[in-house]
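J.: One structure coming up, written as structure tokens, with questions to follow.
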Amino acid sequence: MNKPEPITPSAEAPVSLYAKHEPVFNRRIDGKFRRIKWAIMATCLAIYWVTPWLRWDRGPYAPDQAVLIDLEHRRFYMFGIEIWPQEFYFVAGLLIMAGIGLFLVTSAVGRAWCGYACPQTVWTDLFQHVDRLIDGDRNARFRLYKAPWGPAKIARRVFKWAIYLAISFATGGAWIFYFADAPTLHQEFWSGTAAPVAYGTVLVLTLTTFALGGFMREQVCIYMCPWPRIQTAMLDEKSLIVTYKDWRGEKRGSLKKAQKNPGEYGDCIDCNQCVAVCPTGIDIREGPQIGCITCALCIDACDRVMAETGRPRGLIDYATLEDAENEKKGHPPTRHAKLIWRPRTLVYFAVWAGIGLGLLFMLGTRVHTDVSVAKDRNPPYILMSDGSVRNGYTLRLHNMQNRPREMDLGIEGLPGAVMWTEDMAREAASRTLTRTVAPDATQVVRVYVVAPQDTRDQDFAFTLEAQGEERESDTAKAQFDAPGDE
């Protein structure tokens with residue numbers, strides 16, 4: 001019997017799928033794109049923290065918070081707009097618009113969402129500024145990181161992490177105010193009488209913001225978030241992205257080397273300033289990569305170096321791969337506005353705008369009166385002593401205005417039929433009933449419909465008409481069941 005061959009270990013070392021995290025100490029930079037990031041960060045944070053405190057007068061029967069997600073009463077308020085559960089298609093439409101808007105932005109200017117307005121980017125940027133405030137700029141932070149742990153380093157870390165925690169707590173605290181009246185919840189929260197879910201939500205959001213914004217930062221963008229991979233698949237040679245123009249920058253060399261060997265070296269002096277300012281720590285000169293969030297801080301850094309060395313700006317710039325090839329051949333660069341508006345982005349914009357206009361039309365033409373009906377299934381009908389046939393229905397009368405309204409409920413079709421409710425006598429039955437529905441509420445009405453004995457199965461409808469200045473109406477179809485032919 002042949003013995004199996006002995007297994008010898010491979011001479012090659014196994015390939016590890018784990019890469020040790022290297023912290024990023026990005027340098028402070030000033031420039032056009034840095035100022036744009038400042039403005040967007042301040043705007044996003046202001047909107048997030050201020051919005052729950054804005055007031056909006058909706059009358060005495062509705063909340064006065066401008067933006068409110070009222071889970072208890074299943075309402076969504078946004079300034080003058082109120083969305084009911086049965087109008088969820090408005091929310092779905094807004095989500096679709098947001099998705100197509102991201103496609104539009106990606107098609108036009110690459111990963112601009114990631115670089116400027118993504119919550120992870122905004123909070124990471126804020127935390128990095130805290131780093132500079134407490135630990136100093138790039139070199140000082142790097143020295144502190146390499147320094148051994150001691151009382152001074154521990155004190156500085158604890159102080160900085162306390163600021164992280166305060167910002168994270170403010171982040172979680174602001175979120176809960178979108179789901180209840182902000183002043184009331186604020187008082188209840190600090191008095192210890194708020195609902196447990198409020199404290200739980202703040203705790204979870206505080207810890208996640210503290211971890212993701214304070215310590216995981218670029219790892220979230222590179223490893224955890226799926227959107228960079230989706231965006232990468234959507235980019236093409238006509239997408240505007242941050243690009244290093246290698247034909248102009250290579251071969252890299254210092255100013256001294258370039259002066260000694262004219263014509264041998266390109267414009268890149270290999271100062272690594274583009275790497276030093278990058279919030280994710282990548283080298284844009286290696287080409288497009290998933291770690292690039294298109295924040296364009298490398299453009300600010302490179303433009304400053306080019307100005308200091310007397311060379312033209314744009315060694316690193318926003319450009320499309322197609323336009324970069326044309327520029328490499330000696331053609332002048334195309335204006336950014338012309339690169340943005342191309343067939344693909346125009347189609348995205350047309351779809352996005354069409355959905356928006358459709359939602360606005362539906363919002364402007366919707367009525368604030370609605371009726372829905374559910375028929376009794378067991379038994380489907382009841383024969384009365386006089387031979388007539390009775391069916392039972394549960395109706396929901398919706399008043400989507402912030403004032404009480406009188407509404408007339410009637411029967412359309414079903415000749416000879418009358419109806420009555422559980423709170424009235426059988427003798428008072430008629431084809432029309434009047435109910436007063438509370439403001440911004442749904443009234444459940446149990447209705448019995450009786451028809452003559454010769455009635456057969458047929459369709460009919462319940463009608464609801466609101467009285468007053470705004471006479472709105474709605475119709476709900478229903479089925480009347482009766483005995484078949486003997």
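Residues are named by chain letter and number: chains run A, B, ... in the order of the structure tokens, numbers start at 1 in each chain, and ligands are numbered from 1 in the order shown.
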Mind listing the strand (DSSP E) residues of region 144-246 of chain A, per DSSP on the backbone, as a list in words?
T.: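 Result set for region 144-246 of chain A (strand (DSSP E)): Ile241, Val242, Thr243 and Tyr244 of chain A.
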J.: As an MDAnalysis selection string, please: the residues near region 30-42 of chain A (cut-off 6 Å, only C-alpha atoms, same-chain neighbours under 6 positions excluded).
T.: chainID A and resid 116 122 300
J.: So that I can check the surroundings of Leu126 (chain A), please list as a list in words every protein, DNA and RNA residue that reaches within 10 Å of it, counting only C-alpha atoms and ignoring chain neighbours fewer than 3 positions away.
T.: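 Using only C-alpha atoms, the neighbours found are Trp38, Met41, Ala42, Leu45, Gln120, Thr121, Val122, Trp123, His129, Val130, Asp131, Tyr164, Ile167, Gly213 and Gly214 of chain A.
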J.: Write a file of the selected residues as a compact mmCIF listing (two decimals), in the first residue's frame, keeping C-alpha atoms.
T.:
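As a result, part_4.txt now contains:
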# COMPACT_ATOMS: atom_id res chain seq x y z
CA TRP A 38 -16.18 75.05 6.65
CA MET A 41 -20.02 71.81 7.97
CA ALA A 42 -21.38 74.85 9.83
CA LEU A 45 -24.52 71.21 12.08
CA GLN A 120 -19.51 60.88 8.94
CA THR A 121 -17.44 63.48 7.08
CA VAL A 122 -19.00 66.42 8.94
CA TRP A 123 -18.46 64.95 12.39
CA HIS A 129 -10.46 70.40 14.49
CA VAL A 130 -10.74 69.46 18.16
CA ASP A 131 -7.52 67.45 17.72
CA TYR A 164 -15.46 64.26 22.01
CA ILE A 167 -20.07 66.68 21.12
CA GLY A 213 -16.13 60.20 14.62
CA GLY A 214 -13.43 60.07 17.26
J.: Return the single residue from A:Phe169, A:Tyr393, A:Thr208, A:Glu465 that is closest to Val220 (chain A), with distances computed using only C-alpha atoms.
T.: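 Closest to Val220 (chain A) of all the choices is A:Thr208.
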J.: Given only C-alpha atoms as the basis, pick out the residue of A:Ala428, A:Leu383, A:Leu339, A:Phe462 nearest to Glu237 (chain A).
T.: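 Among the listed residues, A:Leu339 lies closest to Glu237 (chain A).
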J.: If we count only C-alpha atoms and set the cut-off at 10 Å, which residues sit around Pro228 (chain A), ignoring sequence neighbours fewer than 2 positions away in its own chain? Please answer as an mmCIF file with C-alpha atoms, in the first residue's frame.
T.:
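Saved the output as part20.cif:
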data_model
loop_
_atom_site.group_PDB
_atom_site.id
_atom_site.type_symbol
_atom_site.label_atom_id
_atom_site.label_comp_id
_atom_site.auth_asym_id
_atom_site.auth_seq_id
_atom_site.Cartn_x
_atom_site.Cartn_y
_atom_site.Cartn_z
ATOM 1 C CA ARG A 111 -17.954 61.719 -4.494
ATOM 2 C CA CYS A 114 -18.745 61.989 0.784
ATOM 3 C CA CYS A 221 -15.329 55.489 4.737
ATOM 4 C CA ILE A 222 -12.922 52.860 3.413
ATOM 5 C CA TYR A 223 -14.140 49.622 5.023
ATOM 6 C CA MET A 224 -17.595 49.998 6.557
ATOM 7 C CA CYS A 225 -19.635 52.231 4.258
ATOM 8 C CA PRO A 226 -21.019 50.565 1.102
ATOM 9 C CA ILE A 230 -21.568 51.947 -5.281
ATOM 10 C CA GLN A 231 -20.273 55.348 -6.324
ATOM 11 C CA THR A 232 -17.143 53.861 -7.840
ATOM 12 C CA ALA A 233 -19.301 51.661 -10.065
ATOM 13 C CA MET A 234 -21.260 54.737 -11.173
ATOM 14 C CA GLN A 289 -8.900 55.056 -5.197
ATOM 15 C CA ILE A 290 -11.690 54.191 -2.815
ATOM 16 C CA GLY A 291 -10.122 56.176 0.023
ATOM 17 C CA CYS A 292 -10.501 59.463 -1.860
ATOM 18 C CA ILE A 293 -13.647 61.250 -0.673
#
J.: Please, what distance in Å, to one decimal, runs between CA of Pro415 (chain A) and CA of His368 (chain A)?
T.: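 Going from CA of Pro415 (chain A) over to CA of His368 (chain A) covers 29.1 Å.
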J.: List as a Markdown table every residue of region 103-171 of chain A that is in contact with region 345-351 of chain A, defined as an atom at most 8 Å from one of its atoms (using only C-alpha atoms), together with the nearest atom pair and the distance in Å rounded to one decimal, sorted by chain and then rising number.
T.:
| residue | atom | partner | partner_atom | distance |
| --- | --- | --- | --- | --- |
| A:Phe103 | CA | A:Tyr348 | CA | 7.2 |
| A:Leu104 | CA | A:Tyr348 | CA | 5.5 |
| A:Ser107 | CA | A:Thr345 | CA | 6.1 |
| A:Ala108 | CA | A:Thr345 | CA | 6.2 |
J.: CA of Met97 (chain A) and CA of Asp70 (chain A), how far apart in Å?
T.: 22.8 Å
J.: I'd like to know which of A:Pro85, A:Gly392, A:Gly358, A:Pro262 is closest to Val450 (chain A), using only C-alpha atoms.
T.: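 Of all the options, A:Gly392 lies closest to Val450 (chain A).
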J.: Rounded to one decimal, what separation in Å do you get between CA of His398 (chain A) and CA of Trp84 (chain A)?
T.: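 Separation between CA of His398 (chain A) and CA of Trp84 (chain A): 9.8 Å.
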